[in-house]
>>> print(open('protein_10.cif').read())   # mmCIF, C-alpha atoms and all ligand atoms
data_structure
loop_
_atom_site.label_atom_id
_atom_site.label_comp_id
_atom_site.auth_asym_id
_atom_site.auth_seq_id
_atom_site.Cartn_x
_atom_site.Cartn_y
_atom_site.Cartn_z
CA MET H 1 -6.21 93.05 142.16
CA SER H 2 -7.45 93.11 145.74
CA LEU H 3 -7.13 89.97 147.84
CA PRO H 4 -9.57 88.76 150.52
CA LEU H 5 -7.13 89.33 153.41
CA ASP H 6 -5.52 92.53 152.13
CA GLY H 7 -4.48 94.69 155.09
CA LYS H 8 -5.12 91.93 157.66
CA ARG H 9 -2.53 91.07 160.30
CA ALA H 10 -2.34 87.39 161.29
CA LEU H 11 -0.43 85.39 163.89
CA VAL H 12 0.03 81.67 163.26
CA THR H 13 1.50 79.37 165.92
CA GLY H 14 3.21 76.13 164.96
CA ALA H 15 4.10 77.89 161.73
CA ALA H 16 7.42 76.09 161.16
CA SER H 17 5.84 72.82 160.08
CA GLY H 18 2.86 70.91 158.75
CA ILE H 19 -0.59 72.50 158.96
CA GLY H 20 0.69 75.74 160.53
CA ARG H 21 3.20 76.25 157.74
CA ALA H 22 0.61 75.55 155.03
CA THR H 23 -1.81 77.93 156.77
CA ALA H 24 0.75 80.72 156.92
CA LEU H 25 1.40 80.38 153.19
CA GLU H 26 -2.33 80.30 152.39
CA LEU H 27 -3.04 83.40 154.50
CA GLY H 28 -0.08 85.11 152.80
CA ARG H 29 -1.41 84.20 149.35
CA ARG H 30 -4.74 85.70 150.38
CA GLY H 31 -3.02 88.97 151.30
CA ALA H 32 -2.28 88.85 155.05
CA ASP H 33 0.89 90.03 156.77
CA MET H 34 2.02 87.67 159.46
CA VAL H 35 3.81 86.83 162.67
CA LEU H 36 5.05 83.23 162.56
CA VAL H 37 5.48 81.62 165.96
CA ASP H 38 7.16 78.32 166.75
CA LEU H 39 9.61 76.68 169.13
CA THR H 40 11.90 76.20 166.14
CA SER H 41 12.99 78.78 163.59
CA CYS H 42 10.39 80.21 161.22
CA ASP H 43 12.98 82.14 159.20
CA ALA H 44 12.49 79.98 156.08
CA ILE H 45 8.72 80.38 156.06
CA ALA H 46 9.08 84.11 156.79
CA ASP H 47 11.20 84.34 153.63
CA GLU H 48 8.47 82.57 151.66
CA ILE H 49 5.87 85.03 152.98
CA THR H 50 8.14 87.92 152.02
CA ALA H 51 8.52 86.43 148.53
CA LEU H 52 4.72 86.61 148.25
CA GLY H 53 5.02 90.36 148.77
CA ARG H 54 3.76 90.28 152.41
CA LYS H 55 5.45 90.93 155.73
CA GLY H 56 6.63 87.81 157.54
CA VAL H 57 7.98 88.15 161.07
CA ALA H 58 9.54 85.04 162.62
CA VAL H 59 9.30 84.70 166.40
CA GLU H 60 10.79 81.82 168.36
CA ALA H 61 8.46 81.26 171.30
CA ASP H 62 6.91 78.58 173.46
CA VAL H 63 3.13 79.03 173.40
CA GLY H 64 2.84 77.42 176.83
CA GLU H 65 4.81 80.22 178.49
CA GLU H 66 2.85 83.31 179.49
CA VAL H 67 5.70 85.74 178.80
CA HIS H 68 6.34 84.24 175.34
CA ALA H 69 2.65 84.42 174.40
CA HIS H 70 2.56 88.06 175.48
CA GLU H 71 5.71 88.92 173.55
CA ALA H 72 4.51 87.15 170.39
CA VAL H 73 1.32 89.23 170.29
CA GLN H 74 3.31 92.38 171.08
CA ARG H 75 5.47 91.67 168.01
CA SER H 76 2.36 91.71 165.85
CA LEU H 77 1.30 95.06 167.31
CA ALA H 78 4.81 96.53 166.97
CA ASP H 79 5.86 95.09 163.59
CA LEU H 80 2.52 94.77 161.78
CA GLY H 81 0.60 97.57 163.50
CA GLY H 82 -2.12 95.34 164.99
CA LEU H 83 -3.65 91.87 165.04
CA ASP H 84 -6.78 90.68 163.23
CA ILE H 85 -6.40 86.89 162.99
CA LEU H 86 -4.97 84.29 165.38
CA VAL H 87 -4.52 80.66 164.30
CA ASN H 88 -3.64 78.41 167.25
CA CYS H 89 -1.94 75.52 165.48
CA ALA H 90 1.04 74.62 167.71
CA GLY H 91 0.51 71.23 169.26
CA ILE H 92 2.12 68.00 170.37
CA MET H 93 0.87 64.42 170.29
CA ARG H 94 2.22 61.53 172.34
CA GLU H 95 1.37 57.85 172.14
CA THR H 96 1.41 56.48 175.69
CA ARG H 97 -0.76 53.95 177.47
CA LEU H 98 -2.62 55.47 180.38
CA LEU H 99 -1.03 53.16 182.93
CA GLU H 100 2.43 54.17 181.71
CA MET H 101 1.78 57.89 181.51
CA SER H 102 3.65 60.01 184.03
CA VAL H 103 2.18 63.16 185.51
CA ASP H 104 4.96 65.13 183.80
CA GLU H 105 4.06 63.81 180.35
CA PHE H 106 0.35 64.47 180.92
CA ASP H 107 1.11 68.01 182.12
CA GLU H 108 3.32 68.74 179.10
CA ILE H 109 0.58 67.77 176.62
CA VAL H 110 -1.90 69.95 178.53
CA ARG H 111 0.66 72.77 178.76
CA VAL H 112 1.22 73.01 175.02
CA ASN H 113 -2.16 72.07 173.56
CA LEU H 114 -4.54 73.60 176.10
CA ARG H 115 -2.63 76.18 178.15
CA GLY H 116 -0.87 77.36 174.95
CA THR H 117 -4.22 77.88 173.22
CA PHE H 118 -5.56 79.68 176.30
CA LEU H 119 -2.52 81.96 176.65
CA MET H 120 -2.33 82.90 172.97
CA GLY H 121 -6.10 83.41 172.80
CA ARG H 122 -6.17 85.59 175.91
CA GLU H 123 -3.33 87.79 174.64
CA ALA H 124 -4.76 88.07 171.13
CA ILE H 125 -8.32 88.79 172.23
CA ALA H 126 -7.10 91.49 174.66
CA ALA H 127 -5.23 93.15 171.78
CA MET H 128 -8.21 92.82 169.42
CA LYS H 129 -10.55 94.34 172.02
CA ARG H 130 -8.22 97.31 172.51
CA GLN H 131 -7.97 97.73 168.76
CA GLY H 132 -11.76 97.78 168.46
CA SER H 133 -12.02 96.42 164.91
CA GLY H 134 -13.07 92.84 165.69
CA GLY H 135 -11.06 89.76 164.92
CA ARG H 136 -10.95 86.07 164.16
CA ILE H 137 -9.60 83.17 166.18
CA VAL H 138 -9.19 79.70 164.68
CA ASN H 139 -8.21 76.97 167.16
CA ILE H 140 -6.93 73.68 165.79
CA ALA H 141 -8.46 70.68 167.54
CA SER H 142 -8.67 67.15 166.06
CA GLU H 143 -11.30 64.64 165.04
CA LEU H 144 -9.89 62.62 167.96
CA ALA H 145 -11.74 65.07 170.22
CA TYR H 146 -14.87 63.16 169.14
CA LEU H 147 -13.49 59.68 168.56
CA GLY H 148 -10.99 59.29 171.37
CA ARG H 149 -8.10 56.97 170.71
CA ALA H 150 -6.48 54.24 172.72
CA GLU H 151 -3.05 55.33 174.02
CA TYR H 152 -3.69 58.99 173.15
CA SER H 153 -6.02 59.95 175.99
CA ALA H 154 -4.19 63.10 177.10
CA TYR H 155 -4.00 64.41 173.53
CA CYS H 156 -7.68 63.65 172.90
CA ALA H 157 -8.66 65.33 176.16
CA THR H 158 -6.78 68.53 175.27
CA LYS H 159 -8.39 68.64 171.83
CA ALA H 160 -11.88 68.20 173.31
CA ALA H 161 -11.01 71.01 175.74
CA VAL H 162 -10.03 73.25 172.82
CA LEU H 163 -13.60 72.87 171.51
CA GLY H 164 -14.84 74.05 174.93
CA LEU H 165 -12.58 77.11 174.84
CA THR H 166 -13.74 77.88 171.31
CA ARG H 167 -17.47 77.73 172.08
CA SER H 168 -17.11 79.73 175.29
CA TRP H 169 -14.96 82.45 173.70
CA ALA H 170 -17.38 82.61 170.76
CA ARG H 171 -20.18 83.47 173.19
CA GLU H 172 -18.06 85.76 175.40
CA PHE H 173 -16.71 87.90 172.57
CA ALA H 174 -19.63 87.97 170.12
CA PRO H 175 -20.40 89.83 168.00
CA ASP H 176 -16.96 91.41 167.49
CA ILE H 177 -14.59 88.48 167.58
CA LEU H 178 -15.54 85.27 165.77
CA VAL H 179 -14.04 82.12 167.26
CA ASN H 180 -14.09 78.75 165.52
CA SER H 181 -12.27 75.42 165.57
CA VAL H 182 -10.93 73.18 162.87
CA ALA H 183 -10.81 69.48 163.80
CA PRO H 184 -8.86 67.67 161.08
CA GLY H 185 -8.68 63.97 160.46
CA PRO H 186 -5.23 62.45 159.79
CA VAL H 187 -3.01 64.79 157.77
CA ASP H 188 0.36 63.99 156.25
CA THR H 189 2.70 66.08 158.45
CA PRO H 190 5.77 65.37 160.59
CA MET H 191 3.41 64.94 163.59
CA LEU H 192 1.90 61.87 162.00
CA GLY H 193 5.31 60.69 160.86
CA ILE H 194 4.12 58.58 157.94
CA ASP H 195 7.32 58.36 155.97
CA ASN H 196 6.13 55.22 154.30
CA MET H 197 2.60 53.88 154.19
CA THR H 198 2.52 50.97 156.59
CA ALA H 199 -0.18 48.31 156.37
CA GLU H 200 -1.73 49.86 159.48
CA TRP H 201 -2.09 53.23 157.75
CA ARG H 202 -3.44 51.68 154.56
CA GLU H 203 -6.11 50.00 156.64
CA LYS H 204 -6.96 53.31 158.33
CA GLU H 205 -7.25 54.99 154.93
CA SER H 206 -9.73 52.39 153.77
CA ASP H 207 -12.02 53.49 156.64
CA ILE H 208 -12.05 57.07 155.30
CA PRO H 209 -14.82 57.56 152.71
CA LEU H 210 -12.49 59.67 150.54
CA GLY H 211 -9.94 56.85 150.74
CA ARG H 212 -6.87 58.76 151.88
CA ILE H 213 -5.39 60.96 154.58
CA GLY H 214 -5.36 64.73 154.07
CA ARG H 215 -2.72 67.16 152.88
CA PRO H 216 -1.80 70.21 155.00
CA GLU H 217 -3.02 72.54 152.22
CA GLU H 218 -6.49 71.01 152.47
CA ILE H 219 -6.70 72.00 156.14
CA ALA H 220 -5.17 75.43 155.48
CA GLY H 221 -7.96 76.25 153.01
CA VAL H 222 -10.62 75.64 155.68
CA ILE H 223 -8.70 77.73 158.22
CA ALA H 224 -8.30 80.57 155.71
CA PHE H 225 -12.03 80.47 154.96
CA LEU H 226 -12.81 80.89 158.69
CA ALA H 227 -10.35 83.81 158.85
CA GLY H 228 -11.77 85.51 155.79
CA PRO H 229 -14.62 87.68 154.54
CA GLU H 230 -16.93 84.78 153.64
CA ALA H 231 -17.26 83.58 157.25
CA THR H 232 -18.95 86.62 158.81
CA PHE H 233 -21.93 84.57 160.11
CA VAL H 234 -19.87 81.71 161.54
CA THR H 235 -18.86 81.52 165.21
CA GLY H 236 -18.51 78.79 167.84
CA GLN H 237 -18.40 76.14 165.11
CA THR H 238 -16.12 73.24 164.43
CA PHE H 239 -15.21 72.40 160.84
CA SER H 240 -13.84 68.91 160.32
CA PRO H 241 -11.88 68.32 157.13
CA ASN H 242 -11.48 64.56 157.59
CA GLY H 243 -12.34 62.88 154.31
CA GLY H 244 -15.72 61.89 155.76
CA ALA H 245 -14.28 59.72 158.55
CA VAL H 246 -16.43 61.45 161.16
CA MET H 247 -19.83 62.80 160.12
CA LEU H 248 -21.63 65.00 162.65
N1 LIG Z 301 -1.30 65.90 161.44
C1 LIG Z 301 -2.47 65.44 161.82
O1 LIG Z 301 -2.87 64.33 161.44
C2 LIG Z 301 -3.37 66.27 162.71
C3 LIG Z 301 -4.69 65.87 162.84
C4 LIG Z 301 -5.53 66.61 163.66
C5 LIG Z 301 -5.05 67.72 164.32
N2 LIG Z 301 -3.76 68.09 164.17
C6 LIG Z 301 -3.32 69.28 164.91
O2 LIG Z 301 -2.82 70.21 163.98
C7 LIG Z 301 -1.85 71.05 164.61
C8 LIG Z 301 -0.59 71.07 163.74
O3 LIG Z 301 -0.07 69.75 163.69
P1 LIG Z 301 0.87 69.25 162.50
O4 LIG Z 301 0.35 67.94 162.09
O5 LIG Z 301 1.08 70.33 161.52
O6 LIG Z 301 2.19 68.95 163.37
P2 LIG Z 301 3.72 69.38 163.18
O7 LIG Z 301 4.43 68.60 164.23
O8 LIG Z 301 4.12 69.26 161.77
O9 LIG Z 301 3.70 70.93 163.58
C9 LIG Z 301 3.48 71.35 164.89
C10 LIG Z 301 4.37 72.56 165.15
O10 LIG Z 301 4.07 73.04 166.49
C11 LIG Z 301 5.31 73.44 167.05
N3 LIG Z 301 5.23 73.43 168.52
C12 LIG Z 301 5.16 72.36 169.33
N4 LIG Z 301 5.16 72.75 170.61
C13 LIG Z 301 5.24 74.10 170.59
C14 LIG Z 301 5.28 75.09 171.60
N5 LIG Z 301 5.27 74.75 172.91
N6 LIG Z 301 5.35 76.39 171.25
C15 LIG Z 301 5.40 76.74 169.93
N7 LIG Z 301 5.38 75.85 168.93
C16 LIG Z 301 5.29 74.54 169.26
C17 LIG Z 301 6.32 72.43 166.53
O11 LIG Z 301 7.65 72.90 166.67
C18 LIG Z 301 5.87 72.24 165.10
O12 LIG Z 301 6.53 73.13 164.23
C19 LIG Z 301 -1.62 70.45 165.99
O13 LIG Z 301 -2.36 71.19 166.95
C20 LIG Z 301 -2.18 69.06 165.88
O14 LIG Z 301 -2.61 68.54 167.12
C21 LIG Z 301 -2.88 67.39 163.38
#
>>> encode(input="protein_10.cif", output="structure tokens")
Amino acid sequence: MSLPLDGKRALVTGAASGIGRATALELGRRGADMVLVDLTSCDAIADEITALGRKGVAVEADVGEEVHAHEAVQRSLADLGGLDILVNCAGIMRETRLLEMSVDEFDEIVRVNLRGTFLMGREAIAAMKRQGSGGRIVNIASELAYLGRAEYSAYCATKAAVLGLTRSWAREFAPDILVNSVAPGPVDTPMLGIDNMTAEWREKESDIPLGRIGRPEEIAGVIAFLAGPEATFVTGQTFSPNGGAVML
């Protein structure tokens, strides 16, 4: 039986955890081989991809470092024979009041979330252009790009900036490379750190029309759609799996 991503080569950043991990598994189930990039080891997820009958290559790298971004894409070319799909999922979130935020903390959030997306995108798009068979980029933003959030201003700013990168790249590289964003609402991952449902979170959930926060697999399905054969007329868009919390 042929699968929708048979023969495709994907690179997923932030693949060791949460949404990135769920995305890697979903792309693998749909037939893609994969490079799995994270600051921490992706060996376990690479084994799961291998168990699906696909290639899984684990690369420890910091997406905010130019040399690492270059090497990660080179691994896809060397070990998988090319690159068709990039999912920019690595990210960090910090809760800090503006008046207490140091320049170093602000710069670190920008370095990972924005510079990391830029570096990985630039490397991947260069490789896709050389390859000449098109490609897909999916950048992970956040619904907080629209809403803003007290004490998360640097994070929100980087996620709004990711939408700007997405729309600009979509125009710059059309019609060959399709570039889209996914802007999730709250998702149950280590980033959110909801080990037990506090009253504060229960209250937040009651504001979501679907009445709950999301699961990583529910975001992965949207990302896989944008990477797959059904999304050939979609570029420069932002899809927001958020339980209806933000309706645009
Ligand atoms: N969880 C949510 O509620 C939510 C909502 C909206 C958007 N997002 C976004 O989704 C993406 C994934 O978040 P998650 O919830 O799965 O978080 P997570 O913390 O579970 O996973 C993030 C991964 O990124 C990796 N990472 C961090 N800095 C890195 C770097 N410099 N280089 C390489 N890897 C790095 C981490 O090691 C981790 O494995 C993030 O971009 C996040 O901003 C999450």
>>> residues_near_ligand(input="protein_10.cif", ligand="ligand LIG 301 (chain Z)", cutoff="8 Å", atoms="all atoms listed in the file", output="VMD selection string")
chain H and resid 13 to 21 37 to 40 60 to 65 88 to 93 111 to 113 116 140 to 144 155 159 183 to 192 214 216
>>> atom_distance(input="protein_10.cif", atom1="CA of Leu147 in chain H", atom2="CA of Gly211 in chain H")
18.4 Å
>>> residues_around(input="protein_10.cif", residues="Gly81 in chain H", least_positions_apart="6", cutoff="12 Å", atoms="only C-alpha atoms", output="list in words")
Gly7, Lys8, Arg9, Ala10, Asp33, Met34, Val35, Lys55, Val73, Gln74, Arg75, Ala127, Met128 and Gln131 of chain H
>>> atom_distance(input="protein_10.cif", atom1="CA of Ala46 in chain H", atom2="CA of Leu77 in chain H")
17.1 Å
>>> residues_around(input="protein_10.cif", residues="Arg97 in chain H", least_positions_apart="3", cutoff="7 Å", atoms="all atoms listed in the file", output="list in words")
Glu100, Met101 and Glu151 of chain H
>>> atom_distance(input="protein_10.cif", atom1="CA of Tyr152 in chain H", atom2="CA of Gly221 in chain H")
26.9 Å
>>> residues_around(input="protein_10.cif", residues="range 236-244 of chain H", least_positions_apart="6", cutoff="6 Å", atoms="all atoms listed in the file", output="PyMOL selection string")
chain H and resi 166-167+170+179-185+208-210
>>> closest_residue(input="protein_10.cif", among="H:Ile109, H:Arg122, H:Arg30, H:Glu48", to="Ser153 in chain H", atoms="all atoms listed in the file")
H:Ile109
>>> residues_around(input="protein_10.cif", residues="Leu114 in chain H", least_positions_apart="6", cutoff="7 Å", atoms="all atoms listed in the file", output="list in words")
Thr158, Ala161 and Val162 of chain H
>>> write_last_selection(input="protein_10.cif", atoms="C-alpha atoms", output="PDB file, in the coordinates of the input")
ATOM      1  CA  THR H 158      -6.780  68.530 175.270  1.00  0.00           C
ATOM      2  CA  ALA H 161     -11.010  71.010 175.740  1.00  0.00           C
ATOM      3  CA  VAL H 162     -10.030  73.250 172.820  1.00  0.00           C
TER       4      VAL H 162
END
>>> closest_residue(input="protein_10.cif", among="H:Ala224, H:Leu178, H:Leu11, H:Ala32", to="Glu123 in chain H", atoms="only C-alpha atoms")
H:Leu11
>>> closest_residue(input="protein_10.cif", among="H:Thr96, H:Ser133, H:Ser2, H:Thr117", to="Leu163 in chain H", atoms="all atoms listed in the file")
H:Thr117
>>> closest_residue(input="protein_10.cif", among="H:Leu165, H:Leu27, H:Val222, H:Leu98", to="Pro4 in chain H", atoms="only C-alpha atoms")
H:Leu27
>>> closest_residue(input="protein_10.cif", among="H:Ala160, H:Met120, H:Ala44, H:Leu36", to="His68 in chain H", atoms="all atoms listed in the file")
H:Met120
>>> closest_residue(input="protein_10.cif", among="H:Val234, H:Cys42, H:Leu5, H:Leu86", to="Arg171 in chain H", atoms="only C-alpha atoms")
H:Val234
>>> axis_aligned_box(input="protein_10.cif", around="range 166-169 of chain H", padding_each_side="8 Å", output="lines of an AutoDock Vina configuration file")
center_x = -15.6
center_y = 80.1
center_z = 173.3
size_x = 19.7
size_y = 20.7
size_z = 20.0
>>> decode(input="protein_10.cif", residues="range 86-190 of chain H", atoms="C-alpha atoms", output="short mmCIF file (atom, residue, chain, number, x, y, z; two decimals), in the first residue's frame")
data_model
loop_
_atom_site.label_atom_id
_atom_site.label_comp_id
_atom_site.auth_asym_id
_atom_site.auth_seq_id
_atom_site.Cartn_x
_atom_site.Cartn_y
_atom_site.Cartn_z
CA LEU H 86 11.14 21.08 7.02
CA VAL H 87 9.10 21.43 10.22
CA ASN H 88 10.46 24.21 12.46
CA CYS H 89 9.13 23.13 15.83
CA ALA H 90 12.00 23.82 18.27
CA GLY H 91 11.08 26.61 20.61
CA ILE H 92 11.31 27.98 24.13
CA MET H 93 8.82 29.92 26.24
CA ARG H 94 9.63 32.01 29.29
CA GLU H 95 7.28 33.70 31.73
CA THR H 96 8.88 37.01 32.73
CA ARG H 97 7.43 40.44 33.40
CA LEU H 98 8.74 43.02 30.97
CA LEU H 99 10.27 45.16 33.70
CA GLU H 100 12.19 42.15 35.00
CA MET H 101 13.35 40.85 31.64
CA SER H 102 17.07 41.10 31.00
CA VAL H 103 18.49 41.74 27.55
CA ASP H 104 20.11 38.28 27.71
CA GLU H 105 16.80 36.53 28.33
CA PHE H 106 15.08 38.49 25.56
CA ASP H 107 17.93 37.69 23.15
CA GLU H 108 17.81 33.97 23.99
CA ILE H 109 14.08 33.72 23.19
CA VAL H 110 14.67 35.54 19.90
CA ARG H 111 17.74 33.40 19.17
CA VAL H 112 15.90 30.10 19.44
CA ASN H 113 12.40 30.94 18.21
CA LEU H 114 13.15 33.47 15.47
CA ARG H 115 16.82 33.16 14.50
CA GLY H 116 16.50 29.34 14.71
CA THR H 117 13.53 29.38 12.34
CA PHE H 118 15.40 31.74 10.00
CA LEU H 119 18.60 29.66 10.00
CA MET H 120 16.88 26.32 9.48
CA GLY H 121 14.60 27.80 6.81
CA ARG H 122 17.47 29.41 4.92
CA GLU H 123 19.51 26.19 4.91
CA ALA H 124 16.56 24.01 3.94
CA ILE H 125 15.29 26.30 1.19
CA ALA H 126 18.80 26.56 -0.31
CA ALA H 127 18.98 22.75 -0.41
CA MET H 128 15.46 22.46 -1.87
CA LYS H 129 16.27 25.03 -4.57
CA ARG H 130 19.42 23.14 -5.56
CA GLN H 131 17.45 19.90 -5.62
CA GLY H 132 14.87 21.47 -7.94
CA SER H 133 11.89 19.34 -6.90
CA GLY H 134 10.06 21.86 -4.70
CA GLY H 135 9.46 21.49 -1.00
CA ARG H 136 7.37 22.28 2.04
CA ILE H 137 8.16 24.37 5.10
CA VAL H 138 5.91 24.35 8.16
CA ASN H 139 6.82 26.89 10.86
CA ILE H 140 5.29 26.49 14.30
CA ALA H 141 4.01 29.78 15.72
CA SER H 142 1.36 30.09 18.45
CA GLU H 143 -2.11 31.54 18.91
CA LEU H 144 -0.32 33.95 21.28
CA ALA H 145 1.01 35.65 18.14
CA TYR H 146 -2.53 37.05 17.82
CA LEU H 147 -3.60 37.29 21.45
CA GLY H 148 -0.44 38.46 23.17
CA ARG H 149 -0.06 37.45 26.78
CA ALA H 150 0.97 39.33 29.88
CA GLU H 151 4.46 38.29 31.02
CA TYR H 152 5.19 36.47 27.74
CA SER H 153 5.89 39.45 25.49
CA ALA H 154 9.19 38.21 24.03
CA TYR H 155 7.70 34.80 23.22
CA CYS H 156 4.61 36.36 21.63
CA ALA H 157 6.77 38.74 19.60
CA THR H 158 8.89 35.88 18.19
CA LYS H 159 5.78 33.91 17.25
CA ALA H 160 4.27 36.92 15.46
CA ALA H 161 7.61 37.31 13.66
CA VAL H 162 7.45 33.66 12.55
CA LEU H 163 4.19 34.50 10.75
CA GLY H 164 6.04 37.32 8.96
CA LEU H 165 8.83 34.97 7.88
CA THR H 166 6.26 32.45 6.68
CA ARG H 167 4.28 34.89 4.52
CA SER H 168 7.41 36.46 3.05
CA TRP H 169 9.05 33.12 2.21
CA ALA H 170 5.76 31.91 0.72
CA ARG H 171 5.86 34.81 -1.72
CA GLU H 172 9.64 34.64 -2.34
CA PHE H 173 9.73 30.93 -3.15
CA ALA H 174 6.37 30.38 -4.89
CA PRO H 175 5.42 28.36 -6.77
CA ASP H 176 8.03 25.69 -5.95
CA ILE H 177 8.26 25.77 -2.19
CA LEU H 178 5.07 26.06 -0.14
CA VAL H 179 5.51 27.74 3.24
CA ASN H 180 2.85 27.72 5.95
CA SER H 181 2.52 28.20 9.70
CA VAL H 182 0.69 26.31 12.38
CA ALA H 183 -0.35 28.44 15.38
CA PRO H 184 -1.61 26.07 18.08
CA GLY H 185 -3.57 26.95 21.17
CA PRO H 186 -2.47 25.36 24.47
CA VAL H 187 -1.23 21.80 24.00
CA ASP H 188 -0.38 19.30 26.72
CA THR H 189 3.44 19.09 26.38
CA PRO H 190 6.40 19.58 28.73
#
